[in-house]
Structures are given as structure tokens and as C-alpha cells.
Amino acid sequence: MSKIHTLATNDAAKWDDFVHNHELGTIYHTSAWRTIIEKTYKHSAHYFYTEDQSGNITAAMPFFAIKTRLTGTRLVSLPAAQACNPLLTDDQQFHALLQHARAFTKAQNITTIELKTDTHFRFDSTQLGRGQNGYSIFVLDLDKDLAAIEKALHKNSIRQNIKKAGKNNIRVVAGTAQKDVDIFYQLYLKMRKEYGLLPQPHKFFASMWQVLPPENIEILHAEYRGQIISSVLLLKYKDTLTYEYGASLSEMKNLGASPFLLWQAIERAHRRGYKRFDFGRVEDDNAGLVQFKKRWGAQREPLTYYHIPDLGHSTHLRQNGLSKRI
């Protein structure tokens, strides 16, 4: 196995070329996402990789070190990503990079390695311990006729609401400036407070808008009588459009703006040649949200998170227990 390196910030072009050409590469692997996390949270990046004799990257395992009072310091791949598979081609590469990461955590007094994987990760996980499956994504296949996609939508909760929004003369407005991030964030902040959930900071979304090129990010608003009542922030990379963040005014939900806006996003994605519409991550025990995503005809793809060493149920407390309530 060749020597393992740590990526320098000035190697971004080489890294992004590798990510783009690797079958498991996602927007979360890109150097732009690294910049977003660094700008927002000040976590330290540790992107381990190997290269061939020509200096081309051959395998990689990106991490950020996250330090909190509650959980100590963790090595996470990657913050604010629903999943971030190691970029590999065989088990030998995986074992070598994992061994390097373990040696790094020991030297740096880091307590845990957290790997977020999805269904495309098919490497030898015997050294990872027990995986946790508390999250899933729901993906709509866009590689078929749009009429067939529309026909699969739930008649009452989705198609009727889309028609209702049309009757209410709701129109779609595409975001073009920083002010659109602010409009989205006010809706997002209000909705998160209503549900008793912690929001991502404004700087996270502002950094996304500033750092990601226009071909990788889009904001769409639903406007009713001159007022923005629903917004979605979409991430675009390769053949996938991801709907990870959205918000609506609860007092306007009866107008059907949210389903209408999502359908407009799906139509645009289909027209532009995207193959997958990812409805974003959801906790498996959130029955209402799971049912909503199923009603779009989306298929569930479970996410598996590994923690090294295996901490059993204690790691899940971060999502559903004392720390979440705090």
C-alpha cells in the first residue's frame, strides 16, 4: 500500500477532479463543502488519501475533528452530510486508510471515529463494529417519463395540494442573491422553533451560497400575493438533486405551497436531465415525515453510521436523548 497523505488546501483542484470521477463522490466530498464547514464551524479538516506514481489520488477518507463538551473530540466523515462514504475501490485501501485514521485518533487523543455510509458502501465493515440504522434517505427515480412520476404521487395529500396551489395563483420565484438566503432562513428558523428543533446557523447557509458555484445550489420560493410563504434550498451534483432544507409558514400550509414548490423542483430536475431526486435525511421514527416522502413515490435507502469504538446505544443518545433535549 502506498504512503498515506493529508490533503492540503492548495490541492483542491486535484481533489475535486478525483471526487467528480469517483462513482461514490458526492457534493459533500468536494473541497467546496470542506470550505463551508471550515467557515461555519471552525472544525479542523483531516482528509487522508493515497496516490499513484503520477500524483493522482487513488483512494481517500475525509474527516473533520469536532470537539464538544458533551461528546469530547470525534473524527466525523462528514459534518452536515447525510452520508459521506470513503472513496475507495477495494478492501485493502479501506483497511489501510482506516488503520491510519485510528492511529491518528490515538495520537491526537480523539475518542471516536464516526463513518456515515449509505447503501453504495459495500466494503468490508467487519472492523467497524455494529452499525446504527436510525436514519434513511428517500430517493425518487427521475429516469422515466414525467407523466409516470406524476401518476405515482399520492392523490389526496400531494396531487390535490399541487392543484390547490395552482388555483391559489401561487408562483415560483428563483433565488438570485444573498437576500434570498435570508428570506429562506427566516422561514427555516421560524419552522424549527415551532417544532422545537435546533437550527443550523445562518452562516452555514450563507457560506453555501457564497462558496458553491451556481450549478451546485439553487433556492426556490413559493410566492402568494407578494409574500414568500415557502422556500427550498437544493443541492445539485452529478446526476442527483438533493432537497435537504425547506421551510413553510405553518399558517399558510392550507394553500398547498410546499407540495407545489417540491413538484416544480422535481419538474425542473427532470427537464435538466437529473436521474435522482433525493428528499433528504429523515429519522426512521419520524413516522409523519417518512410517510410524506413515501407519498411522492420515493424509495427508502437506509443510512448506516459506524462508531469506532462501538459505543452501542450511547452514541444514539446524541440524536434522541439527553443531549437533544438540552
# chains A, B, ... in the order shown; residues from 1 in each chain; ligands from 1
>>> residues_around(residues="Gly297 (chain A)", least_positions_apart="4", cutoff="8 Å", atoms="only C-alpha atoms", output="PyMOL selection string")
chain A and resi 140+149+152-154+293
>>> write_last_selection(atoms="N, CA, C and O atoms", output="JSON list (two decimals), in the first residue's frame")
[["chain", "number", "residue", "atom", "x", "y", "z"],
["A", 140, "LEU", "N", -36.31, 9.60, -5.27],
["A", 140, "LEU", "CA", -37.26, 9.46, -6.38],
["A", 140, "LEU", "C", -36.47, 9.25, -7.67],
["A", 140, "LEU", "O", -35.57, 10.03, -8.00],
["A", 149, "ILE", "N", -44.09, 9.60, -13.29],
["A", 149, "ILE", "CA", -43.71, 10.10, -11.96],
["A", 149, "ILE", "C", -44.90, 10.80, -11.31],
["A", 149, "ILE", "O", -45.20, 10.58, -10.13],
["A", 152, "ALA", "N", -47.64, 8.51, -9.96],
["A", 152, "ALA", "CA", -47.32, 7.78, -8.73],
["A", 152, "ALA", "C", -47.49, 8.63, -7.48],
["A", 152, "ALA", "O", -47.43, 8.12, -6.37],
["A", 153, "LEU", "N", -47.71, 9.93, -7.65],
["A", 153, "LEU", "CA", -47.89, 10.80, -6.49],
["A", 153, "LEU", "C", -49.19, 10.47, -5.77],
["A", 153, "LEU", "O", -50.19, 10.12, -6.41],
["A", 154, "HIS", "N", -49.19, 10.58, -4.46],
["A", 154, "HIS", "CA", -50.39, 10.32, -3.67],
["A", 154, "HIS", "C", -51.50, 11.29, -4.09],
["A", 154, "HIS", "O", -51.28, 12.51, -4.14],
["A", 293, "LYS", "N", -42.71, 11.52, 2.55],
["A", 293, "LYS", "CA", -41.74, 11.27, 1.48],
["A", 293, "LYS", "C", -42.13, 10.05, 0.65],
["A", 293, "LYS", "O", -41.92, 10.02, -0.57]]
>>> select_by_dssp(residues="region 15-207 of chain A", states="helix (DSSP H, G or I)", output="PyMOL selection string")
chain A and resi 15-21+27-29+31-41+91-107+126-128+146-151+155-167+178-194+202-207
>>> closest_residue(among="A:Phe18, A:Phe123, A:Tyr47, A:Tyr185", to="Phe204 (chain A)", atoms="only C-alpha atoms")
A:Tyr185
>>> residues_around(residues="Leu212 (chain A)", least_positions_apart="6", cutoff="10 Å", atoms="only C-alpha atoms", output="JSON, numbers by chain")
{"A": [27, 30, 31, 32, 33, 35, 36, 218, 235, 236]}
>>> closest_residue(among="A:Ala107, A:Leu261, A:Ile308, A:Leu142", to="Ser248 (chain A)", atoms="only C-alpha atoms")
A:Leu261
>>> closest_residue(among="A:Thr40, A:Thr6, A:Gln53, A:Gln82", to="Val282 (chain A)", atoms="only C-alpha atoms")
A:Gln82
